[in-house]
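Asks: Next up, model.cif (mmCIF, C-alpha atoms and all ligand atoms).
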```cif
data_query
#
loop_
_atom_site.label_atom_id
_atom_site.label_comp_id
_atom_site.auth_asym_id
_atom_site.auth_seq_id
_atom_site.Cartn_x
_atom_site.Cartn_y
_atom_site.Cartn_z
CA TRP A 1 -20.58 -2.02 -18.53
CA GLU A 2 -19.05 -5.06 -20.25
CA GLY A 3 -18.95 -8.66 -19.09
CA LEU A 4 -22.09 -8.91 -16.96
CA GLU A 5 -24.38 -10.62 -19.48
CA GLY A 6 -25.23 -14.15 -18.33
CA LYS A 7 -23.12 -13.94 -15.16
CA VAL A 8 -24.57 -15.26 -11.90
CA ALA A 9 -24.42 -12.54 -9.25
CA VAL A 10 -25.14 -12.87 -5.53
CA VAL A 11 -26.32 -9.69 -3.82
CA THR A 12 -26.75 -9.77 -0.04
CA GLY A 13 -28.95 -7.28 1.77
CA ALA A 14 -30.91 -7.20 -1.48
CA ALA A 15 -34.37 -6.54 -0.04
CA SER A 16 -33.94 -2.80 0.14
CA GLY A 17 -31.74 0.23 -0.33
CA ILE A 18 -28.34 -0.20 -1.98
CA GLY A 19 -28.62 -3.98 -2.37
CA ALA A 20 -31.98 -3.75 -4.15
CA ALA A 21 -30.59 -1.08 -6.48
CA SER A 22 -27.55 -3.24 -7.20
CA ALA A 23 -29.75 -6.29 -7.93
CA ARG A 24 -31.85 -4.24 -10.38
CA ARG A 25 -28.83 -2.78 -12.17
CA LEU A 26 -27.09 -6.15 -12.48
CA SER A 27 -30.28 -7.71 -13.79
CA ALA A 28 -30.82 -4.90 -16.29
CA LEU A 29 -27.30 -5.56 -17.60
CA GLY A 30 -28.06 -9.24 -18.17
CA ALA A 31 -26.82 -10.89 -14.96
CA ARG A 32 -28.81 -13.65 -13.25
CA VAL A 33 -29.28 -12.39 -9.70
CA VAL A 34 -29.34 -14.39 -6.48
CA ALA A 35 -30.86 -12.03 -3.93
CA VAL A 36 -30.24 -12.78 -0.25
CA ASP A 37 -31.75 -11.07 2.79
CA VAL A 38 -33.18 -11.79 6.25
CA ASP A 39 -36.30 -9.99 5.07
CA ALA A 40 -37.95 -12.88 3.19
CA ASP A 41 -40.95 -10.93 1.87
CA GLY A 42 -38.76 -8.04 0.83
CA VAL A 43 -36.28 -10.17 -1.08
CA HIS A 44 -39.04 -12.08 -2.89
CA GLY A 45 -40.59 -8.72 -3.84
CA VAL A 46 -37.31 -7.42 -5.27
CA VAL A 47 -36.75 -10.58 -7.31
CA ALA A 48 -40.32 -10.44 -8.65
CA GLY A 49 -39.58 -6.96 -9.99
CA LEU A 50 -36.27 -7.78 -11.72
CA PRO A 51 -36.15 -7.42 -15.49
CA GLY A 52 -34.29 -10.76 -15.85
CA PRO A 53 -33.99 -14.16 -14.15
CA GLY A 54 -33.53 -14.09 -10.39
CA LEU A 55 -33.65 -16.24 -7.29
CA ALA A 56 -34.66 -15.07 -3.83
CA VAL A 57 -32.93 -16.82 -0.93
CA PRO A 58 -33.97 -15.65 2.54
CA GLY A 59 -31.05 -15.97 4.92
CA ASP A 60 -28.82 -14.40 7.53
CA VAL A 61 -25.28 -13.57 6.35
CA SER A 62 -23.89 -14.04 9.85
CA ARG A 63 -24.91 -17.73 9.89
CA GLU A 64 -22.55 -20.18 8.21
CA GLU A 65 -25.32 -22.56 7.20
CA ASP A 66 -27.34 -19.77 5.55
CA VAL A 67 -24.31 -18.57 3.58
CA ARG A 68 -23.59 -22.09 2.40
CA ARG A 69 -27.24 -22.53 1.48
CA TYR A 70 -27.53 -19.44 -0.71
CA ALA A 71 -24.43 -20.47 -2.63
CA GLN A 72 -25.78 -24.00 -2.99
CA ARG A 73 -29.16 -22.71 -4.19
CA ALA A 74 -27.44 -20.44 -6.70
CA VAL A 75 -25.47 -23.33 -8.17
CA GLU A 76 -28.54 -25.59 -8.27
CA GLU A 77 -30.57 -22.93 -10.07
CA PHE A 78 -27.99 -21.35 -12.38
CA GLY A 79 -25.09 -23.84 -12.48
CA ARG A 80 -22.35 -21.56 -11.19
CA LEU A 81 -21.48 -18.39 -9.27
CA ASP A 82 -19.51 -15.51 -10.78
CA LEU A 83 -20.05 -12.25 -8.95
CA HIS A 84 -20.71 -11.20 -5.36
CA HIS A 85 -21.93 -7.94 -3.91
CA LEU A 86 -21.59 -8.57 -0.15
CA ASN A 87 -23.66 -5.71 1.10
CA ALA A 88 -25.90 -6.72 4.02
CA GLY A 89 -25.36 -4.46 7.01
CA ILE A 90 -26.85 -2.95 10.14
CA VAL A 91 -25.88 0.14 12.14
CA GLY A 92 -26.67 -0.93 15.70
CA SER A 93 -27.01 1.27 18.71
CA PHE A 94 -26.48 5.03 18.82
CA ALA A 95 -25.84 4.84 22.57
CA PRO A 96 -22.90 6.87 23.86
CA LEU A 97 -19.72 4.84 24.26
CA PRO A 98 -20.00 4.15 28.02
CA GLU A 99 -23.54 2.83 27.51
CA LEU A 100 -22.76 0.46 24.65
CA THR A 101 -23.19 -3.17 25.54
CA ALA A 102 -20.99 -6.05 24.49
CA ASP A 103 -24.11 -7.54 22.89
CA ASP A 104 -24.52 -4.43 20.69
CA PHE A 105 -20.93 -4.78 19.63
CA ASP A 106 -21.17 -8.50 18.91
CA HIS A 107 -24.41 -8.11 16.97
CA VAL A 108 -23.08 -5.41 14.64
CA LEU A 109 -19.73 -7.13 14.17
CA GLY A 110 -21.60 -10.40 13.57
CA VAL A 111 -23.57 -9.09 10.61
CA ASN A 112 -21.15 -6.57 9.12
CA LEU A 113 -17.76 -8.18 9.69
CA ARG A 114 -18.35 -11.89 10.27
CA GLY A 115 -20.94 -11.68 7.46
CA ALA A 116 -18.33 -10.18 5.12
CA PHE A 117 -15.82 -12.88 6.07
CA LEU A 118 -18.30 -15.73 5.61
CA GLY A 119 -19.45 -14.32 2.26
CA VAL A 120 -15.91 -13.92 0.95
CA ARG A 121 -14.88 -17.37 2.17
CA GLU A 122 -17.88 -19.01 0.53
CA ALA A 123 -17.19 -17.14 -2.71
CA PHE A 124 -13.63 -18.49 -2.83
CA ARG A 125 -14.80 -22.00 -1.98
CA ARG A 126 -17.13 -21.86 -4.99
CA TYR A 127 -14.64 -20.17 -7.31
CA ARG A 128 -12.02 -22.85 -6.73
CA THR A 129 -14.41 -25.48 -8.12
CA GLN A 130 -14.99 -23.44 -11.28
CA ASP A 131 -12.91 -22.49 -14.30
CA GLY A 132 -11.35 -19.33 -12.86
CA GLY A 133 -12.36 -15.71 -12.64
CA GLY A 134 -14.85 -14.10 -10.32
CA ALA A 135 -15.26 -10.70 -8.74
CA ILE A 136 -16.36 -9.52 -5.30
CA VAL A 137 -17.47 -6.11 -4.08
CA LEU A 138 -17.92 -5.42 -0.39
CA THR A 139 -20.03 -2.55 0.87
CA ALA A 140 -17.76 -0.63 3.21
CA SER A 141 -18.69 2.89 4.36
CA ILE A 142 -17.35 6.34 4.92
CA ALA A 143 -17.27 4.95 8.48
CA SER A 144 -14.47 2.65 7.24
CA LEU A 145 -12.33 5.71 6.58
CA ARG A 146 -13.20 8.29 9.23
CA GLY A 147 -14.05 8.57 12.89
CA SER A 148 -17.18 10.08 14.34
CA HIS A 149 -18.56 10.57 17.82
CA ASP A 150 -21.14 7.79 17.67
CA LEU A 151 -21.78 4.31 16.28
CA LEU A 152 -18.51 2.82 17.48
CA PRO A 153 -19.47 -0.81 16.75
CA TYR A 154 -20.50 0.18 13.24
CA GLN A 155 -17.22 1.99 12.65
CA ALA A 156 -15.21 -0.89 14.02
CA SER A 157 -17.07 -3.33 11.79
CA LYS A 158 -16.66 -1.20 8.67
CA HIS A 159 -12.95 -0.65 9.34
CA GLY A 160 -12.78 -4.44 9.67
CA VAL A 161 -14.45 -4.85 6.29
CA LEU A 162 -11.36 -3.19 4.77
CA GLY A 163 -9.24 -5.87 6.46
CA VAL A 164 -11.40 -8.56 4.87
CA LEU A 165 -11.11 -6.73 1.56
CA ARG A 166 -7.31 -6.53 1.65
CA GLY A 167 -6.80 -10.08 2.88
CA ALA A 168 -9.18 -11.44 0.25
CA ALA A 169 -7.59 -9.30 -2.47
CA MET A 170 -4.10 -10.60 -1.62
CA TYR A 171 -5.40 -14.16 -1.76
CA GLY A 172 -7.58 -13.65 -4.81
CA GLY A 173 -5.22 -11.68 -7.05
CA PRO A 174 -3.05 -14.63 -8.15
CA LEU A 175 -6.24 -16.62 -8.79
CA GLY A 176 -7.68 -13.92 -11.04
CA VAL A 177 -10.43 -13.04 -8.56
CA ARG A 178 -10.81 -9.29 -8.13
CA VAL A 179 -11.96 -7.95 -4.76
CA ASN A 180 -12.92 -4.31 -4.21
CA ALA A 181 -15.15 -2.20 -2.00
CA VAL A 182 -17.48 0.75 -2.35
CA ALA A 183 -17.60 3.24 0.53
CA PRO A 184 -20.95 5.05 0.48
CA GLY A 185 -21.54 8.31 2.31
CA LEU A 186 -25.00 9.32 3.49
CA VAL A 187 -27.76 7.58 1.56
CA PRO A 188 -31.31 7.79 2.92
CA THR A 189 -32.38 4.12 3.10
CA GLY A 190 -34.08 1.92 5.68
CA LEU A 191 -30.77 1.65 7.49
CA PHE A 192 -30.50 5.41 7.57
CA SER A 193 -34.04 6.10 8.79
CA ASP A 194 -34.01 3.32 11.39
CA ALA A 195 -30.75 4.63 12.79
CA ALA A 196 -32.03 8.19 12.69
CA ALA A 197 -35.26 7.23 14.42
CA ALA A 198 -33.31 5.32 17.08
CA ALA A 199 -31.22 8.43 17.65
CA GLY A 200 -34.43 10.47 17.89
CA GLY A 201 -33.58 12.75 14.99
CA GLY A 202 -34.71 11.71 11.52
CA ASP A 203 -34.68 15.27 10.18
CA ASP A 204 -31.27 15.83 11.64
CA MET A 205 -29.83 12.91 9.77
CA LEU A 206 -31.25 14.27 6.54
CA ARG A 207 -29.95 17.75 7.26
CA ARG A 208 -26.48 16.26 7.58
CA GLY A 209 -26.53 16.17 3.81
CA THR A 210 -25.79 19.89 3.99
CA THR A 211 -22.28 19.13 5.23
CA VAL A 212 -21.56 17.03 2.14
CA PRO A 213 -19.43 18.90 -0.43
CA LEU A 214 -22.01 18.09 -3.12
CA ARG A 215 -24.66 19.47 -0.70
CA ARG A 216 -26.96 16.47 -0.85
CA THR A 217 -27.28 12.88 0.25
CA GLY A 218 -26.78 10.09 -2.28
CA THR A 219 -29.22 7.61 -3.79
CA PRO A 220 -28.97 3.81 -3.69
CA ASP A 221 -28.65 3.79 -7.46
CA GLU A 222 -25.63 6.12 -7.33
CA ILE A 223 -23.89 3.57 -5.10
CA ALA A 224 -25.04 0.61 -7.22
CA SER A 225 -23.52 2.25 -10.27
CA VAL A 226 -20.05 2.02 -8.67
CA VAL A 227 -20.70 -1.58 -7.59
CA VAL A 228 -21.67 -2.61 -11.10
CA PHE A 229 -18.59 -0.93 -12.54
CA LEU A 230 -16.33 -2.77 -10.06
CA LEU A 231 -17.96 -6.12 -10.91
CA SER A 232 -17.70 -5.53 -14.64
CA ASP A 233 -14.83 -6.19 -17.03
CA ASP A 234 -14.39 -2.43 -17.35
CA ALA A 235 -12.71 -2.60 -13.93
CA ALA A 236 -10.41 -5.46 -15.03
CA TYR A 237 -7.29 -3.85 -13.49
CA VAL A 238 -8.97 -2.45 -10.36
CA HIS A 239 -8.16 -4.70 -7.41
CA GLY A 240 -7.98 -4.28 -3.63
CA GLU A 241 -9.43 -0.79 -4.02
CA VAL A 242 -11.99 1.19 -2.03
CA ILE A 243 -13.99 3.63 -4.11
CA SER A 244 -15.90 6.28 -2.20
CA ALA A 245 -19.33 7.33 -3.43
CA ASP A 246 -20.08 10.00 -0.87
CA GLY A 247 -20.47 13.36 -2.55
CA GLY A 248 -16.95 14.25 -1.42
CA SER A 249 -17.54 13.64 2.30
CA ALA A 250 -14.27 11.74 2.76
CA ILE A 251 -12.24 14.87 1.95
CA VAL A 252 -13.91 17.09 4.56
P1 LIG B 301 -30.94 -1.04 4.13
O1 LIG B 301 -31.35 -1.21 5.55
O2 LIG B 301 -31.92 -0.43 3.17
O3 LIG B 301 -30.46 -2.43 3.53
C1 LIG B 301 -29.75 -3.38 4.30
C2 LIG B 301 -30.38 -4.73 4.02
O4 LIG B 301 -29.60 -5.71 4.72
C3 LIG B 301 -31.82 -4.84 4.53
O5 LIG B 301 -32.66 -5.31 3.48
C4 LIG B 301 -31.71 -5.83 5.67
O6 LIG B 301 -32.87 -6.64 5.83
C5 LIG B 301 -30.52 -6.66 5.25
N1 LIG B 301 -29.88 -7.35 6.38
C6 LIG B 301 -29.65 -6.88 7.62
N2 LIG B 301 -29.08 -7.81 8.37
C7 LIG B 301 -28.92 -8.91 7.59
C8 LIG B 301 -28.40 -10.21 7.80
N3 LIG B 301 -27.90 -10.58 8.98
N4 LIG B 301 -28.42 -11.09 6.76
C9 LIG B 301 -28.94 -10.74 5.55
N5 LIG B 301 -29.46 -9.52 5.31
C10 LIG B 301 -29.46 -8.62 6.31
O7 LIG B 301 -29.62 -0.19 4.17
P2 LIG B 301 -28.57 0.25 3.03
O8 LIG B 301 -28.26 1.67 3.31
O9 LIG B 301 -29.01 -0.15 1.68
O10 LIG B 301 -27.33 -0.61 3.50
C11 LIG B 301 -26.60 -1.46 2.64
C12 LIG B 301 -25.14 -1.42 3.03
O11 LIG B 301 -24.65 -0.11 2.79
C13 LIG B 301 -24.84 -1.73 4.48
O12 LIG B 301 -23.70 -2.57 4.56
C14 LIG B 301 -24.55 -0.38 5.08
O13 LIG B 301 -23.69 -0.45 6.19
C15 LIG B 301 -23.88 0.30 3.89
N6 LIG B 301 -23.84 1.75 3.98
C16 LIG B 301 -24.98 2.48 3.96
C17 LIG B 301 -24.91 3.86 4.07
C18 LIG B 301 -26.16 4.73 4.09
O14 LIG B 301 -26.05 5.93 4.37
N7 LIG B 301 -27.33 4.19 3.78
C19 LIG B 301 -23.68 4.48 4.17
C20 LIG B 301 -22.52 3.71 4.17
C21 LIG B 301 -22.61 2.34 4.07
#
```
Please rewrite the model in this file as structure tokens.
Ligand code: NAD

Replies:
Amino acid sequence: WEGLEGKVAVVTGAASGIGAASARRLSALGARVVAVDVDADGVHGVVAGLPGPGLAVPGDVSREEDVRRYAQRAVEEFGRLDLHHLNAGIVGSFAPLPELTADDFDHVLGVNLRGAFLGVREAFRRYRTQDGGGAIVLTASIASLRGSHDLLPYQASKHGVLGVLRGAAMYGGPLGVRVNAVAPGLVPTGLFSDAAAAAGGGDDMLRRGTTVPLRRTGTPDEIASVVVFLLSDDAAYVHGEVISADGGSAIV
């Protein structure tokens, strides 16, 4: 992909799964990567393994001061901020709807939705002090597009991410800042196995791949490939869009 060489790219949720794959791909294409995650050891480990320059910033995307700090650290280290993959997320409780607590709901919305808002807001605050341009990709989900019988807070948060996407895209378009989202389907990652274990059915979650039209689950790298495209100049006229990477699940 064109236009990534030398760019400074923030990736949140970069310690594992899709975020780690995105950090590696961006780095391999010449971007300087600022990797953010609550998992401090994990994010340092990912940065140590990058092929190019990187900076690990432990932090929680739902906390305003942490979001401000990673942006500040990025500018101190690399002088500017160009690209954002706002990807950190959690699934929360698999409890049936009547058993869900307001705390479950607030926690999931706090990371997935408030985190997306804070990340987008900080990106625009930084972009307005620079010489124009910028691109943002949010990690949405197939749960942004469809209903299912469980994980209501997760679904609500990921539907909300599309609201953040569209609001930010309307604001960013005239400024030349592109904002898009990727909507992954089933990808076996830490998120996936933790959620599966909490639901008491790891194998079951994996077997769900058999309902995917492509008849398999995806890989983090297959999602990162869409992210990198959306952040690159090859996607110069793609804006306010949600691209599914789900093996066809959204059409079922
Ligand atoms: P993952 O658990 O491997 O990665 C998520 C990362 O986010 C972890 O490293 C975790 O430590 C970090 N994180 C969690 N809370 C955070 C916080 N408050 N601040 C900073 N970092 C935090 O899972 P993944 O599958 O790679 O998930 C990445 C994104 O993809 C999430 O937004 C998730 O909702 C989305 N997604 C995943 C799937 C899937 O099947 N794996 C499907 C659709 C969407």

Asks: Dump as CSV the rows for residues of chain A within 8 Å of ligand LIG 301 (chain B): closest atom pair and distance in Å with one decimal, all atoms listed in the file counted, ordered by chain and rising residue number.

Replies:
```
residue,atom,partner,partner_atom,distance
A:Thr12,CA,B:LIG301,N5,6.0
A:Gly13,CA,B:LIG301,O4,3.4
A:Ala14,CA,B:LIG301,O5,5.6
A:Ala15,CA,B:LIG301,O5,4.1
A:Ser16,CA,B:LIG301,O2,4.3
A:Gly17,CA,B:LIG301,O9,3.4
A:Ile18,CA,B:LIG301,O9,3.7
A:Gly19,CA,B:LIG301,O9,5.6
A:Ala20,CA,B:LIG301,O9,7.5
A:Val36,CA,B:LIG301,C9,6.3
A:Asp37,CA,B:LIG301,N5,3.7
A:Val38,CA,B:LIG301,C9,4.4
A:Asp39,CA,B:LIG301,O6,4.9
A:Gly42,CA,B:LIG301,O5,7.2
A:Val43,CA,B:LIG301,O5,7.6
A:Pro58,CA,B:LIG301,C9,7.6
A:Gly59,CA,B:LIG301,C9,5.7
A:Asp60,CA,B:LIG301,N4,3.4
A:Val61,CA,B:LIG301,N4,4.0
A:Ser62,CA,B:LIG301,N3,5.4
A:Arg63,CA,B:LIG301,N3,7.8
A:Leu86,CA,B:LIG301,O12,7.9
A:Asn87,CA,B:LIG301,O12,4.7
A:Ala88,CA,B:LIG301,O4,3.9
A:Gly89,CA,B:LIG301,O12,3.5
A:Ile90,CA,B:LIG301,C6,5.4
A:Val91,CA,B:LIG301,O13,6.4
A:Gly110,CA,B:LIG301,N3,7.8
A:Val111,CA,B:LIG301,N3,4.9
A:Asn112,CA,B:LIG301,O12,6.6
A:Gly115,CA,B:LIG301,N3,7.2
A:Thr139,CA,B:LIG301,O12,5.2
A:Ala140,CA,B:LIG301,C21,5.8
A:Ser141,CA,B:LIG301,C20,3.9
A:Ile142,CA,B:LIG301,C20,5.8
A:Ala143,CA,B:LIG301,C20,6.9
A:Tyr154,CA,B:LIG301,O13,7.8
A:Lys158,CA,B:LIG301,O13,7.5
A:Ala183,CA,B:LIG301,C20,6.1
A:Pro184,CA,B:LIG301,C20,4.2
A:Gly185,CA,B:LIG301,C19,4.8
A:Leu186,CA,B:LIG301,O14,3.7
A:Val187,CA,B:LIG301,O14,3.7
A:Pro188,CA,B:LIG301,N7,5.4
A:Thr189,CA,B:LIG301,O2,4.6
A:Gly190,CA,B:LIG301,O2,4.1
A:Leu191,CA,B:LIG301,O1,3.5
A:Phe192,CA,B:LIG301,N7,5.1
A:Asp194,CA,B:LIG301,O1,7.9
A:Gly218,CA,B:LIG301,O14,7.9
A:Pro220,CA,B:LIG301,O9,6.7
```

Asks: Rank nothing, just name the residue among A:Glu241, A:Asp104, A:Leu97, A:Arg25 nearest to Met170 of chain A, using all atoms listed in the file.

Replies: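 Closest residue, counting all atoms listed in the file: A:Glu241.
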
Asks: I want to know what sits within 7 Å of Ser27 of chain A, based on only C-alpha atoms, with residues of the same chain fewer than 4 positions away left out; could you give that as a PDB file with C-alpha atoms, in the coordinates of the input?

Replies:
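The resulting file, selection_10.pdb, is reproduced below:
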```pdb
ATOM      1  CA  ALA A  23     -29.750  -6.290  -7.930  1.00  0.00           C
ATOM      2  CA  ALA A  31     -26.820 -10.890 -14.960  1.00  0.00           C
ATOM      3  CA  ARG A  32     -28.810 -13.650 -13.250  1.00  0.00           C
ATOM      4  CA  VAL A  33     -29.280 -12.390  -9.700  1.00  0.00           C
ATOM      5  CA  LEU A  50     -36.270  -7.780 -11.720  1.00  0.00           C
ATOM      6  CA  PRO A  51     -36.150  -7.420 -15.490  1.00  0.00           C
ATOM      7  CA  GLY A  52     -34.290 -10.760 -15.850  1.00  0.00           C
TER       8      GLY A  52
END
```

Asks: If I wrap all listed atoms of segment 132-137 of chain A in a box with edges along x, y and z and add 5 Å on each side, what are its centre and edge lengths in Å to one decimal, as lines of an AutoDock Vina configuration file?

Replies:
```
center_x = -14.4
center_y = -12.7
center_z = -8.5
size_x = 16.1
size_y = 23.2
size_z = 18.8
```

Asks: To one decimal place in Å, what is the distance between atom CA of Asp221 of chain A and atom CA of Ser22 of chain A?

Replies: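 So the answer is 7.1 Å.
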
Asks: Would you mind telling me which residue in A:Ala181, A:Val75, A:Val120, A:Leu81 lies nearest to Leu138 of chain A when using only C-alpha atoms?

Replies: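 Of the candidates, the smallest distance to Leu138 of chain A is held by A:Ala181.
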